[in-house]
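Q: My file is input_12.cif. It has mmCIF, C-alpha atoms:
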data_entry
loop_
_atom_site.label_atom_id
_atom_site.label_comp_id
_atom_site.auth_asym_id
_atom_site.auth_seq_id
_atom_site.Cartn_x
_atom_site.Cartn_y
_atom_site.Cartn_z
CA MET A 1 -71.54 -15.93 -87.06
CA SER A 2 -69.97 -12.69 -85.92
CA GLU A 3 -67.35 -11.46 -88.32
CA THR A 4 -65.47 -8.38 -87.28
CA HIS A 5 -62.47 -7.02 -89.16
CA GLY A 6 -61.98 -10.44 -90.75
CA PHE A 7 -61.92 -12.59 -87.62
CA ASN A 8 -64.59 -14.71 -86.01
CA THR A 9 -65.44 -13.31 -82.59
CA ASN A 10 -67.11 -16.52 -81.45
CA LYS A 11 -64.04 -18.59 -82.28
CA ILE A 12 -61.83 -16.25 -80.26
CA PHE A 13 -64.29 -16.44 -77.36
CA GLY A 14 -64.35 -20.23 -77.59
CA ALA A 15 -60.56 -20.31 -77.53
CA LEU A 16 -60.49 -18.08 -74.45
CA LEU A 17 -63.01 -20.31 -72.70
CA PHE A 18 -61.00 -23.42 -73.52
CA LEU A 19 -57.75 -21.82 -72.38
CA THR A 20 -59.33 -20.72 -69.08
CA ILE A 21 -60.58 -24.22 -68.32
CA ALA A 22 -57.24 -25.74 -69.35
CA GLU A 23 -55.34 -23.23 -67.23
CA VAL A 24 -57.34 -23.98 -64.08
CA GLY A 25 -56.94 -27.70 -64.71
CA TRP A 26 -53.20 -27.28 -65.23
CA ALA A 27 -52.90 -25.49 -61.88
CA TYR A 28 -54.02 -28.62 -60.04
CA LEU A 29 -51.77 -31.11 -61.82
CA PRO A 30 -48.85 -32.58 -59.83
CA PHE A 31 -46.08 -30.94 -61.80
CA ALA A 32 -42.82 -29.52 -60.58
CA THR A 33 -43.00 -25.83 -59.75
CA TRP A 34 -41.12 -24.72 -62.85
CA ALA A 35 -43.40 -26.74 -65.15
CA LEU A 36 -46.52 -25.62 -63.30
CA TRP A 37 -45.65 -21.94 -63.42
CA GLY A 38 -44.32 -22.16 -66.96
CA GLY A 39 -47.57 -23.68 -68.16
CA LEU A 40 -49.70 -21.16 -66.28
CA LEU A 41 -47.75 -18.22 -67.68
CA THR A 42 -48.01 -19.71 -71.16
CA PHE A 43 -51.79 -19.99 -70.84
CA ALA A 44 -51.99 -16.43 -69.49
CA TYR A 45 -49.84 -15.16 -72.37
CA MET A 46 -52.02 -16.92 -74.97
CA LYS A 47 -55.21 -15.55 -73.48
CA GLY A 48 -53.75 -12.08 -73.16
CA HIS A 49 -52.47 -12.21 -76.73
CA LEU A 50 -55.90 -13.13 -78.07
CA ILE A 51 -57.60 -10.33 -76.14
CA PHE A 52 -54.93 -7.76 -77.03
CA THR A 53 -54.69 -8.70 -80.71
CA TYR A 54 -58.32 -9.30 -81.59
CA PHE A 55 -60.64 -7.83 -78.99
CA MET A 56 -58.54 -4.67 -78.68
CA HIS A 57 -57.98 -4.67 -82.47
CA MET A 58 -54.24 -4.18 -82.15
CA LYS A 59 -53.72 -6.50 -85.13
CA PHE A 60 -55.57 -4.01 -87.31
CA GLU A 61 -54.04 -0.82 -85.96
CA GLY A 62 -51.33 1.26 -87.60
CA TRP A 63 -47.75 1.88 -86.55
CA ILE A 64 -48.64 4.90 -84.42
CA VAL A 65 -50.87 2.98 -82.04
CA LYS A 66 -48.51 0.02 -81.97
CA GLY A 67 -45.63 2.38 -81.32
CA LEU A 68 -47.39 3.76 -78.27
CA MET A 69 -47.24 0.38 -76.55
CA VAL A 70 -43.68 -0.54 -77.51
CA PRO A 71 -41.91 1.51 -74.76
CA THR A 72 -44.00 -0.16 -72.07
CA ILE A 73 -42.25 -3.51 -72.55
CA PRO A 74 -38.72 -2.47 -71.51
CA LEU A 75 -40.18 -0.23 -68.81
CA MET A 76 -42.08 -3.17 -67.36
CA LEU A 77 -38.94 -5.28 -67.30
CA ILE A 78 -37.02 -2.49 -65.62
CA VAL A 79 -39.65 -1.95 -62.93
CA VAL A 80 -39.81 -5.64 -62.09
CA PHE A 81 -36.19 -6.71 -62.34
CA ALA A 82 -34.14 -3.58 -61.70
CA ASN A 83 -34.65 -3.50 -57.95
CA MET A 84 -34.60 -7.27 -57.41
CA PRO A 85 -30.94 -7.34 -56.35
CA ASP A 86 -31.73 -4.78 -53.64
CA THR A 87 -34.94 -6.40 -52.42
CA ALA A 88 -35.76 -9.95 -53.44
CA LYS A 89 -32.14 -11.05 -53.70
CA ASN A 90 -30.86 -9.05 -50.76
CA ASP A 91 -30.00 -11.51 -47.96
CA LEU A 92 -30.22 -8.72 -45.39
CA MET A 93 -33.90 -8.17 -46.18
CA VAL A 94 -35.17 -11.72 -46.19
CA TYR A 95 -37.66 -12.16 -43.37
CA PRO A 96 -40.47 -14.62 -42.73
CA LEU A 97 -43.86 -13.65 -44.02
CA THR A 98 -45.30 -12.56 -40.68
CA VAL A 99 -42.39 -10.34 -39.74
CA GLN A 100 -43.24 -6.73 -39.04
CA MET A 101 -41.48 -3.74 -37.57
CA ASP A 102 -42.61 -2.71 -34.12
CA ALA A 103 -43.94 0.82 -34.51
CA GLU A 104 -42.80 1.84 -31.02
CA THR A 105 -39.39 0.24 -30.69
CA GLY A 106 -38.45 -0.01 -34.36
CA GLU A 107 -37.17 -3.54 -33.97
CA ILE A 108 -38.09 -6.39 -36.30
CA VAL A 109 -40.41 -8.86 -34.60
CA VAL A 110 -42.02 -12.09 -35.75
CA LEU A 111 -45.74 -11.96 -35.20
CA ASP A 112 -47.27 -15.38 -34.85
CA GLU A 113 -50.94 -15.78 -33.97
CA THR A 114 -50.30 -15.54 -30.23
CA GLU A 115 -48.11 -12.48 -30.51
CA ARG A 116 -50.58 -10.82 -32.88
CA ALA A 117 -53.42 -11.44 -30.46
CA LYS A 118 -51.42 -10.03 -27.58
CA ARG A 119 -50.82 -6.81 -29.46
CA SER A 120 -54.45 -6.23 -30.38
CA PRO A 121 -56.52 -3.77 -28.28
CA GLY A 122 -59.22 -6.45 -28.03
CA TYR A 123 -56.90 -8.70 -26.01
CA LYS A 124 -56.25 -5.91 -23.54
CA LYS A 125 -59.99 -5.36 -23.09
CA LYS A 126 -60.46 -9.08 -22.55
CA LEU A 127 -57.87 -9.12 -19.76
CA GLU A 128 -59.43 -6.07 -18.16
CA ALA A 129 -62.91 -7.58 -18.38
CA HIS A 130 -61.69 -10.68 -16.52
CA GLY A 131 -59.97 -8.54 -13.93
CA GLU A 132 -56.54 -9.80 -14.88
CA GLU A 133 -53.42 -7.76 -14.81
CA VAL A 134 -52.47 -6.31 -18.18
CA PRO A 135 -48.78 -6.96 -18.87
CA GLU A 136 -46.69 -4.18 -20.31
CA GLY A 137 -46.83 -3.99 -24.09
CA VAL A 138 -50.19 -5.71 -24.44
CA GLY A 139 -52.80 -3.90 -26.50
CA GLY A 140 -50.32 -1.91 -28.57
CA GLY A 141 -52.80 -1.85 -31.43
CA HIS A 142 -50.69 -3.58 -34.16
CA MET B 1 -65.76 43.43 -110.71
CA SER B 2 -67.16 42.75 -107.28
CA SER B 3 -68.08 39.19 -108.30
CA GLN B 4 -64.37 38.48 -108.72
CA ILE B 5 -63.56 39.41 -105.14
CA GLN B 6 -62.96 36.32 -103.03
CA ALA B 7 -63.95 36.16 -99.40
CA TYR B 8 -60.47 34.99 -98.49
CA ASP B 9 -57.37 35.37 -100.60
CA PRO B 10 -54.33 33.66 -99.04
CA GLU B 11 -51.94 35.98 -100.81
CA VAL B 12 -53.72 39.03 -99.47
CA ASP B 13 -55.25 37.98 -96.20
CA ALA B 14 -52.52 35.68 -94.85
CA PRO B 15 -50.78 36.82 -91.65
CA ALA B 16 -47.94 39.23 -92.04
CA HIS B 17 -45.28 36.60 -91.27
CA HIS B 18 -46.55 34.68 -94.30
CA HIS B 19 -47.06 31.30 -92.75
CA PRO B 20 -48.96 29.01 -95.09
CA VAL B 21 -52.59 28.41 -94.27
CA TYR B 22 -53.64 24.83 -93.92
CA ASP B 23 -57.16 23.65 -94.46
CA TYR B 24 -56.66 20.12 -93.17
CA ASP B 25 -55.95 18.52 -89.79
CA SER B 26 -52.19 18.23 -89.42
CA GLY B 27 -52.41 15.79 -86.51
CA PRO B 28 -51.45 12.09 -86.57
CA PRO B 29 -53.32 9.90 -89.07
CA VAL B 30 -55.35 8.23 -86.36
CA ASP B 31 -58.45 9.25 -84.47
CA ARG B 32 -57.53 11.58 -81.60
CA GLY B 33 -59.64 9.66 -79.14
CA LYS B 34 -58.06 6.37 -80.08
CA PHE B 35 -54.58 7.89 -79.81
CA ALA B 36 -55.41 9.27 -76.38
CA ILE B 37 -56.99 6.08 -75.06
CA TRP B 38 -54.01 3.98 -76.10
CA LEU B 39 -51.70 6.50 -74.46
CA PHE B 40 -53.81 6.25 -71.32
CA LEU B 41 -53.75 2.44 -71.46
CA ALA B 42 -49.96 2.57 -71.70
CA THR B 43 -49.92 4.49 -68.41
CA GLU B 44 -52.31 1.96 -66.92
CA VAL B 45 -49.95 -0.81 -67.96
CA MET B 46 -47.23 0.90 -65.94
CA PHE B 47 -49.60 1.31 -63.01
CA PHE B 48 -50.37 -2.39 -62.84
CA THR B 49 -46.75 -3.25 -63.55
CA GLY B 50 -45.91 -1.42 -60.33
CA LEU B 51 -48.42 -3.48 -58.38
CA ILE B 52 -47.75 -6.86 -59.96
CA GLY B 53 -44.03 -6.23 -60.13
CA THR B 54 -43.95 -5.44 -56.43
CA TYR B 55 -45.80 -8.68 -55.76
CA ILE B 56 -43.28 -10.62 -57.84
CA VAL B 57 -40.33 -9.01 -56.08
CA ILE B 58 -41.76 -9.52 -52.60
CA ARG B 59 -42.73 -13.10 -53.26
CA THR B 60 -39.35 -13.89 -54.78
CA GLY B 61 -37.65 -12.53 -51.68
CA SER B 62 -39.86 -14.24 -49.13
CA PRO B 63 -38.59 -17.57 -47.78
CA GLU B 64 -42.18 -18.71 -47.36
CA TRP B 65 -45.40 -17.93 -49.19
CA PRO B 66 -48.85 -19.48 -48.73
CA ASN B 67 -50.26 -21.61 -51.52
CA PRO B 68 -53.15 -19.44 -52.79
CA LYS B 69 -55.04 -22.51 -54.03
CA HIS B 70 -55.38 -23.61 -50.40
CA ILE B 71 -56.63 -20.25 -49.12
CA LEU B 72 -58.50 -18.50 -51.89
CA ALA B 73 -61.73 -19.55 -53.59
CA VAL B 74 -60.21 -20.50 -56.93
CA ASP B 75 -63.37 -22.17 -58.26
CA ILE B 76 -65.58 -19.11 -57.73
CA THR B 77 -62.89 -16.81 -59.07
CA ALA B 78 -62.40 -19.01 -62.13
CA ALA B 79 -66.10 -18.66 -62.87
CA ASN B 80 -65.75 -14.93 -62.31
CA THR B 81 -62.85 -14.85 -64.76
CA PHE B 82 -64.95 -16.59 -67.35
CA LEU B 83 -67.72 -14.06 -66.68
CA LEU B 84 -65.38 -11.15 -67.32
CA ILE B 85 -64.09 -12.75 -70.53
CA THR B 86 -67.69 -13.24 -71.62
CA SER B 87 -68.45 -9.58 -70.93
CA SER B 88 -65.44 -8.65 -73.05
CA TRP B 89 -66.83 -10.80 -75.88
CA MET B 90 -70.21 -9.11 -75.50
CA MET B 91 -68.50 -5.74 -75.78
CA VAL B 92 -67.00 -6.86 -79.10
CA ARG B 93 -70.49 -7.88 -80.22
CA ALA B 94 -71.80 -4.45 -79.21
CA LEU B 95 -69.16 -2.65 -81.30
CA ASP B 96 -69.80 -5.01 -84.19
CA ALA B 97 -73.51 -4.25 -83.99
CA ILE B 98 -73.14 -0.48 -84.26
CA GLN B 99 -70.60 -0.84 -87.07
CA LYS B 100 -73.33 -2.65 -89.00
CA GLY B 101 -75.94 -0.08 -88.03
CA ASP B 102 -77.77 -2.29 -85.53
CA LYS B 103 -78.59 0.22 -82.79
CA GLY B 104 -80.80 -2.26 -80.95
CA GLY B 105 -77.98 -4.78 -80.92
CA LEU B 106 -75.62 -2.16 -79.52
CA THR B 107 -78.02 -1.40 -76.67
CA LYS B 108 -78.58 -5.09 -75.97
CA TRP B 109 -74.94 -6.17 -75.93
CA LEU B 110 -73.85 -3.11 -74.01
CA GLY B 111 -76.46 -3.90 -71.40
CA PHE B 112 -75.23 -7.48 -71.10
CA THR B 113 -71.66 -6.22 -70.75
CA ILE B 114 -72.68 -3.90 -67.92
CA ILE B 115 -74.52 -6.72 -66.17
CA GLY B 116 -71.51 -9.01 -66.52
CA GLY B 117 -69.18 -6.39 -65.08
CA SER B 118 -71.53 -5.63 -62.21
CA VAL B 119 -71.83 -9.30 -61.29
CA PHE B 120 -68.04 -9.58 -61.39
CA VAL B 121 -67.71 -6.73 -58.91
CA GLY B 122 -70.43 -8.26 -56.76
CA VAL B 123 -68.62 -11.59 -56.59
CA GLN B 124 -65.37 -9.81 -55.70
CA VAL B 125 -67.11 -7.93 -52.89
CA TYR B 126 -68.59 -11.20 -51.63
CA GLU B 127 -65.14 -12.77 -51.65
CA TYR B 128 -63.72 -9.81 -49.72
CA ILE B 129 -66.46 -10.08 -47.10
CA GLN B 130 -65.80 -13.80 -46.64
CA LEU B 131 -62.05 -13.26 -46.30
CA LEU B 132 -62.41 -10.35 -43.87
CA ASP B 133 -64.86 -12.36 -41.78
CA HIS B 134 -62.22 -15.05 -41.44
CA GLY B 135 -59.73 -12.50 -40.15
CA TYR B 136 -57.69 -12.19 -43.33
CA LEU B 137 -57.11 -8.47 -43.04
CA PRO B 138 -54.81 -6.48 -45.34
CA ASN B 139 -52.38 -5.88 -42.48
CA ARG B 140 -52.15 -9.55 -41.54
CA ASP B 141 -49.04 -10.23 -43.62
CA LEU B 142 -47.46 -9.46 -46.99
CA PHE B 143 -49.54 -12.07 -48.82
CA TRP B 144 -52.79 -10.39 -47.86
CA SER B 145 -51.42 -6.87 -48.30
CA THR B 146 -50.43 -7.58 -51.86
CA PHE B 147 -53.60 -9.57 -52.53
CA TYR B 148 -55.93 -6.77 -51.46
CA ALA B 149 -53.81 -4.11 -53.17
CA MET B 150 -53.82 -5.81 -56.56
CA THR B 151 -57.37 -7.11 -56.61
CA GLY B 152 -58.69 -3.96 -54.96
CA PHE B 153 -57.22 -1.61 -57.53
CA HIS B 154 -58.41 -3.88 -60.31
CA GLY B 155 -61.88 -3.88 -58.77
CA ILE B 156 -61.86 -0.09 -58.76
CA HIS B 157 -60.95 -0.13 -62.44
CA VAL B 158 -63.85 -2.50 -63.12
CA CYS B 159 -66.23 -0.18 -61.25
CA VAL B 160 -65.04 2.78 -63.31
CA GLY B 161 -65.50 0.70 -66.45
CA VAL B 162 -69.06 -0.23 -65.48
CA ILE B 163 -69.91 3.43 -64.88
CA TRP B 164 -68.30 4.43 -68.18
CA LEU B 165 -70.18 1.73 -70.07
CA PHE B 166 -73.41 2.82 -68.42
CA CYS B 167 -72.87 6.36 -69.73
CA VAL B 168 -72.23 4.94 -73.20
CA TRP B 169 -75.34 2.78 -72.84
CA ILE B 170 -77.43 5.89 -72.10
CA GLY B 171 -76.18 7.37 -75.37
CA ALA B 172 -77.00 4.14 -77.16
CA VAL B 173 -80.55 4.17 -75.80
CA LYS B 174 -80.93 7.75 -77.05
CA GLY B 175 -79.75 6.66 -80.49
CA THR B 176 -76.61 8.83 -80.42
CA TYR B 177 -74.36 6.33 -82.16
CA THR B 178 -74.40 5.50 -85.85
CA PRO B 179 -72.16 3.51 -88.17
CA GLN B 180 -70.41 6.81 -88.90
CA ASN B 181 -70.20 7.92 -85.26
CA TYR B 182 -69.34 5.17 -82.80
CA VAL B 183 -65.84 6.09 -81.63
CA ARG B 184 -67.06 6.55 -78.04
CA VAL B 185 -68.26 2.96 -78.01
CA GLU B 186 -64.90 1.82 -79.32
CA LEU B 187 -62.96 3.80 -76.72
CA ALA B 188 -65.05 2.43 -73.85
CA GLY B 189 -64.58 -1.03 -75.32
CA LEU B 190 -60.81 -0.67 -75.40
CA TYR B 191 -60.77 0.23 -71.70
CA TRP B 192 -63.03 -2.69 -70.87
CA HIS B 193 -60.87 -5.17 -72.80
CA PHE B 194 -57.81 -3.83 -70.99
CA VAL B 195 -59.47 -4.41 -67.61
CA ASP B 196 -60.22 -7.96 -68.72
CA LEU B 197 -56.65 -8.45 -69.89
CA VAL B 198 -55.27 -7.33 -66.54
CA TRP B 199 -57.59 -9.72 -64.71
CA VAL B 200 -56.40 -12.62 -66.87
CA LEU B 201 -52.88 -11.94 -65.62
CA LEU B 202 -53.93 -11.25 -62.04
CA PHE B 203 -55.96 -14.44 -61.81
CA THR B 204 -53.02 -16.49 -63.00
CA ILE B 205 -50.39 -14.84 -60.83
CA VAL B 206 -52.37 -14.32 -57.63
CA TYR B 207 -54.77 -17.26 -57.54
CA LEU B 208 -53.06 -20.08 -59.42
CA MET B 209 -49.31 -19.65 -58.93
#
Output the structure of this file as structure tokens.
A:
Amino acid sequence: MSETHGFNTNKIFGALLFLTIAEVGWAYLPFATWALWGGLLTFAYMKGHLIFTYFMHMKFEGWIVKGLMVPTIPLMLIVVFANMPDTAKNDLMVYPLTVQMDAETGEIVVLDETERAKRSPGYKKKLEAHGEEVPEGVGGGH
Amino acid sequence: MSSQIQAYDPEVDAPAHHHPVYDYDSGPPVDRGKFAIWLFLATEVMFFTGLIGTYIVIRTGSPEWPNPKHILAVDITAANTFLLITSSWMMVRALDAIQKGDKGGLTKWLGFTIIGGSVFVGVQVYEYIQLLDHGYLPNRDLFWSTFYAMTGFHGIHVCVGVIWLFCVWIGAVKGTYTPQNYVRVELAGLYWHFVDLVWVLLFTIVYLM
């Protein structure tokens, strides 16, 4: 048995192992998105709490060390949620995943697989190797 | 009379502005190294908050997002997560060993921790090679950009941790650490546990959600 600062290290490790297995299993269950994500975040929080409290000894530290970490919580919330109205919740900035800005024209274009292939230098070389005419804009290097 | 002369008399030898002379450390009642490492970890929390927070914001704003369970190797990464947690446990065992005066135990458990961290990095590199071979480049789309950014920076932190632990291990082999002098082991351990903690969150958010 490994006793450190009054807690059993092996028990904590066993709990982390169990939570990891349970978390991966939870991820594949046919739950609604909110239940799935809620469960996953709960598992992550429990695992993180065990590591932070026991492995990092925060439970046994004084107020100075604990005080060092307190400001990070509101700062984290600010960083994540403060700019959401301007980015994630801004209807003017909602584009499909494969949308990119054309470096030459500056316009927003949707790059599917065909369009992406056309813009690669390799496609231009392929056309040239087959003696085909290279259309304008092909091989832009995106 | 000369035997009554003191080497230092505060009333006579104190500076002219008569500030009191202290003979104790007036710093915070906590080890300087521990104070500094926790301060550093607080900055690291903000660093990863920037990365993970950006991922959350971008994903929330995207009308479509691939299901990572269908693209990424969740099974291998789950095993890798367990490996990193195990290495964190072994680091706790290493610190426990030196606190009890077991220098051999410190060397052994530190060595296992280093091996665990190295294997973790190796598996990550293997995963990167497989993904890049399939054409999943960082500039493919936002999913892959954020994936490589978050896991890449975490991987760099793991590499730094492995190197740091190796330096501590060299000291352990030389017998530098004692039950009265093991703060360097503790500081390296705190960084390693933090790296593990970040991966627990990354694995959940990037691979499972």
Q: Could you please determine the separation between atom CA of A:Trp26 and atom CA of A:Ala44 in Å, to one decimal place?
A: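 One can read the atom CA of A:Trp26 to atom CA of A:Ala44 distance as 11.7 Å.
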Q: Which one of B:Asp102, B:Glu186, B:Glu64, B:Asp196 sits closest to A:Gly48 if you count only C-alpha atoms?
A: B:Asp196
Q: Between atom CA of B:Phe48 and atom CA of B:Val198, what is the spacing in Å?
A: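 Result for atom CA of B:Val198 versus atom CA of B:Phe48: 7.9 Å, one decimal.
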Q: Run the PyMOL selection byres ((chain A and resi 77-83) around 12) on the file and write out the hits as a ChimeraX atom specification.
A: /A:71-76,84-90 /B:45-61
Q: For stretch 22-86 of chain B versus stretch 108-123 of chain B, which residues have an atom no more than 7 Å away, and what is each residue's nearest atom pair and distance in Å rounded to one decimal, using only C-alpha atoms, chain-then-number order, as JSON lines?
A:
{"residue": "B:Asn80", "atom": "CA", "partner": "B:Phe120", "partner_atom": "CA", "distance": 5.9}
{"residue": "B:Leu83", "atom": "CA", "partner": "B:Gly116", "partner_atom": "CA", "distance": 6.3}
{"residue": "B:Leu84", "atom": "CA", "partner": "B:Gly117", "partner_atom": "CA", "distance": 6.5}
Q: Tell me, in Å to one decimal, how far atom CA of B:Leu201 is from atom CA of B:Leu41.
A: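 About the pair atom CA of B:Leu201 and atom CA of B:Leu41: they are 15.5 Å apart.
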Q: Translate the PyMOL selection byres ((chain B and resi 105) around 12) into a concrete residue list for this structure, as number ranges by chain.
A: B: 90-104, 106-112, 169, 172-173, 175, 177-178
Q: Keeping only C-alpha atoms, take the residues you just selected and write them out as a compact mmCIF listing (two decimals), keeping the file's coordinate frame.
A:
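File written: again03.txt
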# COMPACT_ATOMS: atom_id res chain seq x y z
CA MET B 90 -70.21 -9.11 -75.50
CA MET B 91 -68.50 -5.74 -75.78
CA VAL B 92 -67.00 -6.86 -79.10
CA ARG B 93 -70.49 -7.88 -80.22
CA ALA B 94 -71.80 -4.45 -79.21
CA LEU B 95 -69.16 -2.65 -81.30
CA ASP B 96 -69.80 -5.01 -84.19
CA ALA B 97 -73.51 -4.25 -83.99
CA ILE B 98 -73.14 -0.48 -84.26
CA GLN B 99 -70.60 -0.84 -87.07
CA LYS B 100 -73.33 -2.65 -89.00
CA GLY B 101 -75.94 -0.08 -88.03
CA ASP B 102 -77.77 -2.29 -85.53
CA LYS B 103 -78.59 0.22 -82.79
CA GLY B 104 -80.80 -2.26 -80.95
CA LEU B 106 -75.62 -2.16 -79.52
CA THR B 107 -78.02 -1.40 -76.67
CA LYS B 108 -78.58 -5.09 -75.97
CA TRP B 109 -74.94 -6.17 -75.93
CA LEU B 110 -73.85 -3.11 -74.01
CA GLY B 111 -76.46 -3.90 -71.40
CA PHE B 112 -75.23 -7.48 -71.10
CA TRP B 169 -75.34 2.78 -72.84
CA ALA B 172 -77.00 4.14 -77.16
CA VAL B 173 -80.55 4.17 -75.80
CA GLY B 175 -79.75 6.66 -80.49
CA TYR B 177 -74.36 6.33 -82.16
CA THR B 178 -74.40 5.50 -85.85
Q: Run through the PyMOL selection byres ((chain A and resi 12) around 9) on the given coordinates and return the selected residues as a CSV table (one decimal) with C-alpha atoms, keeping the file's coordinate frame.
A:
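Now in part_2.csv:
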chain,number,residue,atom,x,y,z
A,7,PHE,CA,-61.9,-12.6,-87.6
A,8,ASN,CA,-64.6,-14.7,-86.0
A,9,THR,CA,-65.4,-13.3,-82.6
A,10,ASN,CA,-67.1,-16.5,-81.4
A,11,LYS,CA,-64.0,-18.6,-82.3
A,13,PHE,CA,-64.3,-16.4,-77.4
A,14,GLY,CA,-64.4,-20.2,-77.6
A,15,ALA,CA,-60.6,-20.3,-77.5
A,16,LEU,CA,-60.5,-18.1,-74.4
A,17,LEU,CA,-63.0,-20.3,-72.7
A,50,LEU,CA,-55.9,-13.1,-78.1
A,51,ILE,CA,-57.6,-10.3,-76.1
A,54,TYR,CA,-58.3,-9.3,-81.6
A,55,PHE,CA,-60.6,-7.8,-79.0
B,89,TRP,CA,-66.8,-10.8,-75.9
Q: Given the choices B:Val125, B:Val160, B:Leu197, B:Ala149, which gets closest to chain A if the distance is worked out from only C-alpha atoms?
A: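 Using only C-alpha atoms, chain A sits closest to B:Leu197.
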Q: Quick one: of B:Tyr191, B:Phe153, B:Tyr207, B:Phe82, who's nearest to B:Ala36, counting only C-alpha atoms?
A: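 Selected residue with least distance to B:Ala36: B:Tyr191.
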Q: Which one is closest to B:Ala79: B:Val195, B:Gln124, B:Arg32, B:Ser62? Count all atoms listed in the file.
A: B:Gln124
Q: Please determine, counting all atoms listed in the file, which residue among B:Ala188, B:Phe203, B:Ile170, B:Tyr136 has the shortest atom-to-atom distance to A:Ala27.
A: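 Looking at the shortest contact to A:Ala27, the residue is B:Phe203.
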Q: Looking at A:Glu23, A:Glu61, A:Glu136, A:Glu107, which one is nearest to A:Met46, with distances taken over all atoms listed in the file?
A: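 Looking only at the distances to A:Met46, the closest residue turns out to be A:Glu23.
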Q: Got a sec: who's within 10 Å of A:Tyr28, counting only C-alpha atoms, leaving out chain neighbours fewer than 4 positions off, as a PyMOL selection string?
A: (chain A and resi 23-24+36) or (chain B and resi 69+208)
Q: Suppose we keep C-alpha atoms; can you now write the selection as a compact mmCIF listing (two decimals), in the coordinates of the input?
A:
# COMPACT_ATOMS: atom_id res chain seq x y z
CA GLU A 23 -55.34 -23.23 -67.23
CA VAL A 24 -57.34 -23.98 -64.08
CA LEU A 36 -46.52 -25.62 -63.30
CA LYS B 69 -55.04 -22.51 -54.03
CA LEU B 208 -53.06 -20.08 -59.42
Q: Any idea what's packed within 10 Å of A:Glu133, counting only C-alpha atoms, ignoring anything in its chain fewer than 4 positions away? Could you give it as a list in words?
A: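 Returned residues: Lys124, Leu127 and Glu128 of chain A.
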Q: Those residues you just picked out, can you put them in a file as a PDB file, in the coordinates of the input with C-alpha atoms?
A:
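Listing of part-v6.pdb after writing:
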ATOM      1  CA  LYS A 124     -56.250  -5.910 -23.540  1.00  0.00           C
ATOM      2  CA  LEU A 127     -57.870  -9.120 -19.760  1.00  0.00           C
ATOM      3  CA  GLU A 128     -59.430  -6.070 -18.160  1.00  0.00           C
TER       4      GLU A 128
END
Q: Quick one: residues within 9 Å of B:Leu39, all atoms listed in the file counted, chain neighbours fewer than 3 positions away excluded, as a compact mmCIF listing (two decimals) with C-alpha atoms, in the frame of the given file?
A:
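Now in part32.txt:
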# COMPACT_ATOMS: atom_id res chain seq x y z
CA VAL A 65 -50.87 2.98 -82.04
CA LEU A 68 -47.39 3.76 -78.27
CA MET A 69 -47.24 0.38 -76.55
CA LYS B 34 -58.06 6.37 -80.08
CA PHE B 35 -54.58 7.89 -79.81
CA ALA B 36 -55.41 9.27 -76.38
CA ALA B 42 -49.96 2.57 -71.70
CA THR B 43 -49.92 4.49 -68.41
CA GLU B 44 -52.31 1.96 -66.92
